[in-house]
Amino acid sequence: MNTMSVSRRKFAQLLGAGAAATLVRPRLSFAKPTQPNATSSTAGGTVVRLSANENPYGPSPKGLQAITDSFGIACRYPDEHNNVLIEKLAKLNGINHDQILLGDGSGEILKLCAETFTGQQRGPLIAADPTFEAILKNAAANGAKVVKVPLTNSFAHDLPKMLTAARGSLIYVCNPNNPTASITPKDELRDFIAKTPRETMILVDEAYFHYADSPDYESVIALTKDHPNLIVSRTFSKIYGMAGLRCGYCVAQKETIDRMRPYQMWDSVNIMALAAASASLDDPDQVPNGQRLNSEAKMFVTSELARAGYKTIPSQANFIMIDCRRPVVPLIKAMKEQNVHVGRLFPALPNHMRVTIGKKTEMETFVSAFKQVTA
Ligand SMILES: Cc1ncc(COP(=O)(O)O)c(C=O)c1O
């Protein structure tokens, strides 16, 4: 169960005592973990996977070690590991532990928000178009009306229009936005949060927070202190390279978390993911390395595309959106035939191709395949 409990203190005592720690974490020897790669070999050849905005460099070595160390306690429920991660995240974000809810990926947080705050009785979901579709599907499955508000000409959320469309419901703001990799400027977002009536909930999805370096961008976690209707979601799937492990969280006021919790499955985050997430937060290199490698590969691919005459939406994330100047669906198919997998169609931008930033070598393969299919 996801509550802070006496057992956490007991757990801390156990960890503090060397002998007990050995009991909790039996020594197991395993083969050296293999480094994940976005490029994989299949019967059809080597596939370059640039379709899911994953981190090709994988989890922190500390995270991988923590997974190995926790194999021996896979027989235990993950309460204590849950609490350890919550404490670390609370410290990192300067908030109380009861302002955090962990999720089985941030996808679970999005689903919980749809279930808690939208529906036939509660009201519609207001979202940008295009944006990350998961919560739209969750809300529709919950019986809610879904209102789509087109992005502005600069691919920001049209917050005044979204606010007009909302009546005591949930507004989803994805910042940076997937699939456009664009941001909604901090002044506009602050103003919008200040103006939104309390009975209208706001979910700001910061899955790509670590990749944004524009002076016009900021996280709104600090604003949750003054706004009981604000929820901010984050994930370990992107800069922390843990997409396959499933761990995310949200920050909100305690009362808001308490409203969401009953909709959540108990112990939804597994012990390996919790151990890896906690250890990753202790790795000082994971975030700066990921940021640097992403910017270098992104710079390479965007300048190659510009040289070939293709514009991209300025990217504040680990993916780019290319204006292909023609319908993208046949191009996605043609790229697949070259063993390069790129993002799906986003109907609001039918000429744009979403491409995840992989390793430099993968981006070289991408550029040469893209030139071939667009020749
Ligand atoms: C904007 C956004 N939010 C949330 C998610 C879900 O991430 P996860 O469930 O892996 O944390 C994704 C996944 O790509 C995403 O792009």
# chains A, B, ... in the order shown; residues from 1 in each chain; ligands from 1
>>> residues_around(residues="Ala273 (chain A)", least_positions_apart="4", cutoff="8 Å", atoms="only C-alpha atoms", output="CSV table (one decimal) with N, CA and C atoms, in the first residue's frame")
chain,number,residue,atom,x,y,z
A,67,ILE,N,19.0,-2.8,-9.6
A,67,ILE,CA,18.0,-3.9,-10.1
A,67,ILE,C,18.6,-5.2,-9.7
A,242,MET,N,14.5,4.6,-18.4
A,242,MET,CA,13.8,3.4,-17.8
A,242,MET,C,12.4,3.1,-18.3
A,245,LEU,N,11.0,-0.2,-17.6
A,245,LEU,CA,10.8,-0.6,-16.2
A,245,LEU,C,9.5,-0.1,-15.6
A,246,ARG,N,9.0,1.1,-16.1
A,246,ARG,CA,7.8,1.7,-15.7
A,246,ARG,C,7.8,2.4,-14.3
A,247,CYS,N,8.1,3.6,-14.3
A,247,CYS,CA,8.0,4.4,-13.1
A,247,CYS,C,7.9,5.9,-13.4
A,269,VAL,N,3.8,0.1,-8.7
A,269,VAL,CA,5.1,0.2,-9.2
A,269,VAL,C,6.0,-0.9,-8.6
A,277,ALA,N,15.0,3.6,-9.9
A,277,ALA,CA,14.7,5.0,-9.9
A,277,ALA,C,15.4,5.7,-8.7
>>> residues_near_ligand(ligand="ligand 1", cutoff="9 Å", atoms="only C-alpha atoms and all ligand atoms", output="PDB file with C-alpha atoms, in the first residue's frame")
ATOM      1  CA  ALA A  52       8.966   5.936 -29.212  1.00  0.00           C
ATOM      2  CA  ASN A  53      11.030   8.810 -27.753  1.00  0.00           C
ATOM      3  CA  GLU A  54      13.111   6.411 -25.686  1.00  0.00           C
ATOM      4  CA  GLY A 103       2.776   5.627 -10.876  1.00  0.00           C
ATOM      5  CA  ASP A 104       3.438   2.632 -13.093  1.00  0.00           C
ATOM      6  CA  GLY A 105       5.014   5.056 -15.540  1.00  0.00           C
ATOM      7  CA  SER A 106       3.627   8.575 -15.762  1.00  0.00           C
ATOM      8  CA  GLY A 107       1.055   6.967 -18.056  1.00  0.00           C
ATOM      9  CA  GLU A 108      -0.637   5.638 -14.933  1.00  0.00           C
ATOM     10  CA  ILE A 109      -0.742   9.157 -13.479  1.00  0.00           C
ATOM     11  CA  LEU A 110      -2.400  10.440 -16.654  1.00  0.00           C
ATOM     12  CA  THR A 131      -0.605  16.321 -28.166  1.00  0.00           C
ATOM     13  CA  PHE A 132       0.252  13.008 -26.458  1.00  0.00           C
ATOM     14  CA  GLU A 133      -2.964  11.046 -26.957  1.00  0.00           C
ATOM     15  CA  ALA A 134      -2.956   8.655 -23.989  1.00  0.00           C
ATOM     16  CA  ILE A 135      -5.044  10.787 -21.628  1.00  0.00           C
ATOM     17  CA  CYS A 174       1.980  18.819 -22.191  1.00  0.00           C
ATOM     18  CA  ASN A 175       5.118  20.922 -21.794  1.00  0.00           C
ATOM     19  CA  PRO A 176       7.346  20.280 -23.734  1.00  0.00           C
ATOM     20  CA  ASN A 177       4.630  18.974 -26.006  1.00  0.00           C
ATOM     21  CA  ASN A 178       4.700  15.571 -27.645  1.00  0.00           C
ATOM     22  CA  PRO A 179       4.712  15.333 -30.726  1.00  0.00           C
ATOM     23  CA  ASP A 205       2.865  16.805 -18.141  1.00  0.00           C
ATOM     24  CA  GLU A 206       6.624  17.404 -17.779  1.00  0.00           C
ATOM     25  CA  ALA A 207       7.813  14.064 -19.209  1.00  0.00           C
ATOM     26  CA  TYR A 208      10.455  15.877 -21.313  1.00  0.00           C
ATOM     27  CA  SER A 233       3.594  14.661 -13.819  1.00  0.00           C
ATOM     28  CA  ARG A 234       7.155  13.437 -14.408  1.00  0.00           C
ATOM     29  CA  THR A 235       8.659  10.179 -15.636  1.00  0.00           C
ATOM     30  CA  PHE A 236      11.746   7.974 -15.289  1.00  0.00           C
ATOM     31  CA  SER A 237      11.214   6.787 -18.886  1.00  0.00           C
ATOM     32  CA  LYS A 238      13.057   9.585 -20.663  1.00  0.00           C
ATOM     33  CA  MET A 242      13.809   3.392 -17.756  1.00  0.00           C
ATOM     34  CA  ALA A 243      10.893   3.182 -20.222  1.00  0.00           C
ATOM     35  CA  GLY A 244      10.706  -0.604 -19.974  1.00  0.00           C
ATOM     36  CA  LEU A 245      10.788  -0.602 -16.169  1.00  0.00           C
ATOM     37  CA  ARG A 246       7.755   1.698 -15.717  1.00  0.00           C
ATOM     38  CA  CYS A 247       8.050   4.406 -13.084  1.00  0.00           C
ATOM     39  CA  GLY A 248       6.652   7.923 -12.964  1.00  0.00           C
ATOM     40  CA  TYR A 249       5.114  10.257 -10.425  1.00  0.00           C
TER      41      TYR A 249
END
>>> residues_around(residues="Ile313 (chain A)", least_positions_apart="6", cutoff="9 Å", atoms="only C-alpha atoms", output="PyMOL selection string")
chain A and resi 154-155+180-182+320-323
>>> closest_residue(among="A:Tyr211, A:Tyr240, A:Tyr77, A:Phe300", to="Asn318 (chain A)", atoms="only C-alpha atoms")
A:Tyr211
>>> residues_around(residues="Thr256 (chain A)", least_positions_apart="4", cutoff="12 Å", atoms="only C-alpha atoms", output="VMD selection string")
chain A and resid 98 to 101 112 to 113 116 to 117 198 to 199 201 to 203 224 to 225 227 to 232 250 to 252 260 to 262
>>> atom_distance(atom1="CA of Gly241 (chain A)", atom2="CA of Ser60 (chain A)")
7.6 Å
>>> closest_residue(among="A:Ala212, A:Ala166, A:Ala128, A:Tyr263", to="Gly290 (chain A)", atoms="only C-alpha atoms")
A:Ala212
>>> residues_around(residues="Asp282 (chain A)", least_positions_apart="6", cutoff="12 Å", atoms="only C-alpha atoms", output="MDAnalysis selection string")
chainID A and resid 60:63 66 85 88:89 92 240 275:276
>>> closest_residue(among="A:Arg325, A:Phe319, A:Gln372, A:Asn289", to="Val342 (chain A)", atoms="only C-alpha atoms")
A:Phe319
>>> atom_distance(atom1="CA of Leu170 (chain A)", atom2="CA of Asp213 (chain A)")
27.5 Å
>>> select_by_dssp(residues="region 85-213 of chain A", states="strand (DSSP E)", output="list in words")
Ile100, Leu101, Leu102, Gly103, Leu125, Ile126, Ala127, Ala128, Asp129, Val146, Val147, Lys148, Val149, Pro150, Leu170, Ile171, Tyr172, Val173, Cys174, Met201, Ile202, Leu203, Val204 and Asp205 of chain A
>>> write_last_selection(atoms="N, CA and C atoms", output="short mmCIF file (atom, residue, chain, number, x, y, z; two decimals), in the first residue's frame")
data_model
loop_
_atom_site.label_atom_id
_atom_site.label_comp_id
_atom_site.auth_asym_id
_atom_site.auth_seq_id
_atom_site.Cartn_x
_atom_site.Cartn_y
_atom_site.Cartn_z
N ILE A 100 3.35 13.63 -3.16
CA ILE A 100 3.84 12.83 -4.30
C ILE A 100 3.05 11.54 -4.41
N LEU A 101 2.68 11.19 -5.63
CA LEU A 101 2.07 9.89 -5.90
C LEU A 101 2.89 9.23 -6.99
N LEU A 102 3.38 8.01 -6.73
CA LEU A 102 4.14 7.29 -7.76
C LEU A 102 3.17 6.58 -8.69
N GLY A 103 3.62 6.34 -9.92
CA GLY A 103 2.78 5.63 -10.88
C GLY A 103 3.57 4.61 -11.67
N LEU A 125 -12.46 16.63 -20.83
CA LEU A 125 -11.01 16.84 -20.85
C LEU A 125 -10.73 17.85 -21.96
N ILE A 126 -9.90 18.85 -21.63
CA ILE A 126 -9.50 19.83 -22.64
C ILE A 126 -8.02 19.58 -22.93
N ALA A 127 -7.67 19.37 -24.20
CA ALA A 127 -6.28 19.08 -24.54
C ALA A 127 -5.92 19.78 -25.84
N ALA A 128 -4.61 19.91 -26.07
CA ALA A 128 -4.14 20.54 -27.31
C ALA A 128 -4.26 19.56 -28.46
N ASP A 129 -4.14 20.08 -29.67
CA ASP A 129 -4.16 19.24 -30.87
C ASP A 129 -3.07 19.74 -31.81
N VAL A 146 -14.16 14.94 -25.01
CA VAL A 146 -12.79 15.42 -25.17
C VAL A 146 -12.80 16.61 -26.12
N VAL A 147 -12.31 17.74 -25.63
CA VAL A 147 -12.29 18.96 -26.45
C VAL A 147 -10.85 19.22 -26.88
N LYS A 148 -10.64 19.30 -28.20
CA LYS A 148 -9.28 19.52 -28.71
C LYS A 148 -9.12 20.96 -29.16
N VAL A 149 -8.09 21.62 -28.66
CA VAL A 149 -7.83 23.03 -29.02
C VAL A 149 -6.51 23.08 -29.79
N PRO A 150 -6.56 23.52 -31.06
CA PRO A 150 -5.32 23.53 -31.85
C PRO A 150 -4.20 24.34 -31.20
N LEU A 170 -10.95 19.05 -16.55
CA LEU A 170 -9.49 18.86 -16.51
C LEU A 170 -8.87 19.42 -17.78
N ILE A 171 -7.84 20.25 -17.59
CA ILE A 171 -7.09 20.77 -18.74
C ILE A 171 -5.72 20.11 -18.72
N TYR A 172 -5.36 19.49 -19.85
CA TYR A 172 -4.07 18.79 -19.97
C TYR A 172 -3.11 19.66 -20.77
N VAL A 173 -1.97 20.00 -20.15
CA VAL A 173 -0.94 20.81 -20.82
C VAL A 173 0.34 20.00 -20.85
N CYS A 174 0.78 19.64 -22.04
CA CYS A 174 1.98 18.82 -22.19
C CYS A 174 3.14 19.75 -22.54
N MET A 201 -9.35 21.51 -12.85
CA MET A 201 -8.04 20.91 -12.57
C MET A 201 -7.11 21.12 -13.77
N ILE A 202 -5.82 21.29 -13.47
CA ILE A 202 -4.81 21.44 -14.54
C ILE A 202 -3.77 20.35 -14.34
N LEU A 203 -3.51 19.58 -15.39
CA LEU A 203 -2.41 18.60 -15.35
C LEU A 203 -1.33 19.07 -16.32
N VAL A 204 -0.16 19.39 -15.78
CA VAL A 204 0.97 19.75 -16.65
C VAL A 204 1.90 18.53 -16.71
N ASP A 205 2.05 18.00 -17.92
CA ASP A 205 2.86 16.81 -18.14
C ASP A 205 4.28 17.25 -18.50
#
